[in-house]
Amino acid sequence: MKKNLFYAVFFAILLALVSNTVLADTMDWLSSSTDRNWFNVDNWRWGSGGPAPTAIPDLTSTGGSVRTYQSSASIYGPFIQTGQNAQAYYLKIGGAAANASIADVTIDGGSLTVANYILIGSDSSSVRSGRLIMNSGTINIGTSGSGSSTNGRLYIGGGTSVGAAVDGWLDMSGGTINVLEDLVFSRNVNADGWAEISGGTIFANNLLMKSHGGAGTVSLNLTGSGKIVLNGDRTATIEEYIGNGWITGNGNDYDIVYQYNGSTNQTSIFVPEPTTICLLGLGLIGLVRRK
């Protein structure tokens with residue numbers, strides 16, 4: 001009898017520990033949020049249907065995942081403002097699968113630090129499309145030395161190798177996004193990735209678009225002062241992407257410019273000022289490589 005009681009207590013404690021671990025690994029955004037404040041504990045739940053956190057934790061070192069899966073419409077997505085510094089280990093941006101809605105995360109000042117990756121249009125067999133809206137502030141993605149194959153990546157259009165089609169959008173009008181490794185469009189064959197960058201700068205190690213060779217649609221359009229800076233000489237790859245119609249400037253393939261700087265070992269992609277575009281058309285500038 002005592003032995004049975006011991007095992008019953010032991011397994012009860014073990015189950016509680018496992019449950020707490022699962023809850024601690026995932027923090028879900030609520031569709032009923034009204035103020036959209038990332039730091040309002042009432043807007044979050046530990047796991048699907050779990051309790052509200054007592055405080056918004058730093059999940060960067062615990063492997064905690066932050067998800068917007070319960071968002072029922074884009075207006076309810078979390079909002080990070082000036083003076084706020086949000087943190088997570090993973091961030092998965094995707095709407096509620098039941099109604100195929102789009103969830104978003106908006107950065108309007110402040111900062112967001114994600115230790116591993118951000119996935120826009122999440123890895124689900126259901127439709128979980130998402131949007132990241134970057135108006136100002138800073139996003140830092142990736143921690144050096146983690147060794148993970150996904151560490152330091154921004155996925156625009158995640159999806160899976162099976163299941164429903166998933167869309168990911170990046171709308172960027174200002175601020176800075178620092179990507180330790182790759183900026184990836186259409187991670188899997190059934191994912192579409194779209195980006196409109198009218199201001200601000202994305203710094204990344206590399207740019208990968210449809211590297212799986214699938215049927216997903218990808219589009220990167222730069223306007224205004226929007227800019228992407230990549231490590232190394234990526235001009236050959238960028239030229240290929242422009243030729244495929246995947247990278248445009250002002251919606252066309254003749255306003256987009258890409259330039260390798262040997263002194264910094266970086267390749268920049270941008271749309272020049274209107275005066276510069278005129279000079280390029282006249283052949284008066286030879287320092288910039290363009291298609």
# chains A, B, ... in the order shown; residues from 1 in each chain; ligands from 1

$ residues_around --residues "Ser65 (chain A)" --least-positions-apart "3" --cutoff "7 Å" --atoms "only C-alpha atoms" --output "list in words"
Asp25, Thr26, Met27, Ala88, Tyr89, Tyr90 and Leu91 of chain A

$ atom_distance --atom1 "CA of Asp171 (chain A)" --atom2 "CA of Leu230 (chain A)"
19.1 Å

$ closest_residue --among "A:Asn261, A:Asn135, A:Asn85, A:Thr267" --to "Glu239 (chain A)" --atoms "only C-alpha atoms"
A:Thr267

$ atom_distance --atom1 "CA of Gln84 (chain A)" --atom2 "CA of Asn231 (chain A)"
29.4 Å

$ select_by_dssp --residues "region 207-265 of chain A" --states "strand (DSSP E or B)" --output "list in words"
Leu207, Leu208, Met209, Val218, Ser219, Leu220, Asn221, Leu222, Lys227, Ile228, Val229, Leu230, Asn231, Ile247, Thr248, Gly249, Asn252, Val257, Tyr258, Gln259, Tyr260 and Asn261 of chain A

$ write_last_selection --atoms "N, CA and C atoms" --output "tab-separated table (two decimals), in the first residue's frame"
chain	number	residue	atom	x	y	z
A	207	LEU	N	21.10	36.52	-48.03
A	207	LEU	CA	19.71	36.57	-48.47
A	207	LEU	C	19.41	35.31	-49.25
A	208	LEU	N	18.39	34.56	-48.80
A	208	LEU	CA	17.99	33.31	-49.46
A	208	LEU	C	16.53	33.43	-49.88
A	209	MET	N	16.27	33.18	-51.16
A	209	MET	CA	14.90	33.26	-51.68
A	209	MET	C	14.58	31.96	-52.42
A	218	VAL	N	7.61	34.74	-53.98
A	218	VAL	CA	8.44	35.62	-53.17
A	218	VAL	C	8.54	36.98	-53.84
A	219	SER	N	8.59	38.02	-53.01
A	219	SER	CA	8.70	39.38	-53.54
A	219	SER	C	9.36	40.27	-52.50
A	220	LEU	N	10.43	40.94	-52.90
A	220	LEU	CA	11.12	41.93	-52.08
A	220	LEU	C	11.16	43.22	-52.87
A	221	ASN	N	10.39	44.22	-52.43
A	221	ASN	CA	10.33	45.50	-53.13
A	221	ASN	C	10.84	46.60	-52.22
A	222	LEU	N	11.85	47.34	-52.71
A	222	LEU	CA	12.41	48.45	-51.96
A	222	LEU	C	11.98	49.76	-52.58
A	227	LYS	N	16.71	49.82	-47.28
A	227	LYS	CA	18.04	49.30	-47.65
A	227	LYS	C	18.28	47.95	-47.00
A	228	ILE	N	19.01	47.08	-47.72
A	228	ILE	CA	19.45	45.80	-47.18
A	228	ILE	C	20.97	45.73	-47.33
A	229	VAL	N	21.65	45.34	-46.27
A	229	VAL	CA	23.11	45.22	-46.29
A	229	VAL	C	23.48	43.79	-45.91
A	230	LEU	N	24.22	43.12	-46.80
A	230	LEU	CA	24.60	41.72	-46.62
A	230	LEU	C	26.12	41.60	-46.48
A	231	ASN	N	26.56	40.60	-45.75
A	231	ASN	CA	27.99	40.35	-45.62
A	231	ASN	C	28.53	39.67	-46.88
A	247	ILE	N	13.28	40.49	-56.77
A	247	ILE	CA	13.70	41.73	-56.13
A	247	ILE	C	13.41	42.88	-57.08
A	248	THR	N	12.73	43.91	-56.57
A	248	THR	CA	12.40	45.08	-57.39
A	248	THR	C	12.65	46.35	-56.59
A	249	GLY	N	12.76	47.45	-57.32
A	249	GLY	CA	12.84	48.77	-56.73
A	249	GLY	C	11.75	49.63	-57.32
A	252	ASN	N	9.80	47.82	-60.03
A	252	ASN	CA	10.36	47.42	-61.32
A	252	ASN	C	11.79	46.92	-61.13
A	257	VAL	N	19.27	48.91	-57.19
A	257	VAL	CA	20.73	49.00	-57.31
A	257	VAL	C	21.36	48.09	-56.27
A	258	TYR	N	22.44	47.42	-56.66
A	258	TYR	CA	23.20	46.62	-55.70
A	258	TYR	C	24.68	46.92	-55.89
A	259	GLN	N	25.40	47.03	-54.78
A	259	GLN	CA	26.78	47.48	-54.81
A	259	GLN	C	27.60	46.74	-53.77
A	260	TYR	N	28.74	46.21	-54.20
A	260	TYR	CA	29.67	45.55	-53.28
A	260	TYR	C	30.77	46.53	-52.89
A	261	ASN	N	31.00	46.65	-51.59
A	261	ASN	CA	32.05	47.52	-51.06
A	261	ASN	C	33.17	46.63	-50.51

$ residues_around --residues "Gly175 (chain A)" --least-positions-apart "4" --cutoff "7 Å" --atoms "only C-alpha atoms" --output "VMD selection string"
chain A and resid 134 to 138 200 to 201

$ select_by_dssp --residues "region 168-281 of chain A" --states "alpha helix (DSSP H)" --output "ChimeraX atom specification"
/A:235-243,274-281

$ write_last_selection --atoms "C-alpha atoms" --output "PDB file, in the first residue's frame"
ATOM      1  CA  THR A 235      26.142  40.485 -56.272  1.00  0.00           C
ATOM      2  CA  ALA A 236      25.826  37.319 -58.380  1.00  0.00           C
ATOM      3  CA  THR A 237      22.980  35.988 -56.246  1.00  0.00           C
ATOM      4  CA  ILE A 238      21.194  39.341 -56.189  1.00  0.00           C
ATOM      5  CA  GLU A 239      21.464  39.635 -59.961  1.00  0.00           C
ATOM      6  CA  GLU A 240      19.884  36.191 -60.279  1.00  0.00           C
ATOM      7  CA  TYR A 241      17.029  37.138 -57.950  1.00  0.00           C
ATOM      8  CA  ILE A 242      16.397  40.362 -59.886  1.00  0.00           C
ATOM      9  CA  GLY A 243      16.369  38.380 -63.121  1.00  0.00           C
ATOM     10  CA  PRO A 274      15.814  60.300 -58.205  1.00  0.00           C
ATOM     11  CA  THR A 275      18.777  62.441 -59.318  1.00  0.00           C
ATOM     12  CA  THR A 276      21.089  59.443 -59.085  1.00  0.00           C
ATOM     13  CA  ILE A 277      18.637  57.348 -61.098  1.00  0.00           C
ATOM     14  CA  CYS A 278      18.810  59.958 -63.874  1.00  0.00           C
ATOM     15  CA  LEU A 279      22.615  59.894 -63.822  1.00  0.00           C
ATOM     16  CA  LEU A 280      22.588  56.107 -63.957  1.00  0.00           C
ATOM     17  CA  GLY A 281      20.318  56.289 -66.965  1.00  0.00           C
TER      18      GLY A 281
END

$ closest_residue --among "A:Trp246, A:Leu183, A:Asn116, A:Asn265" --to "Gly142 (chain A)" --atoms "only C-alpha atoms"
A:Asn116

$ closest_residue --among "A:Val184, A:Ile80, A:Ile133, A:Val189" --to "His212 (chain A)" --atoms "only C-alpha atoms"
A:Val189
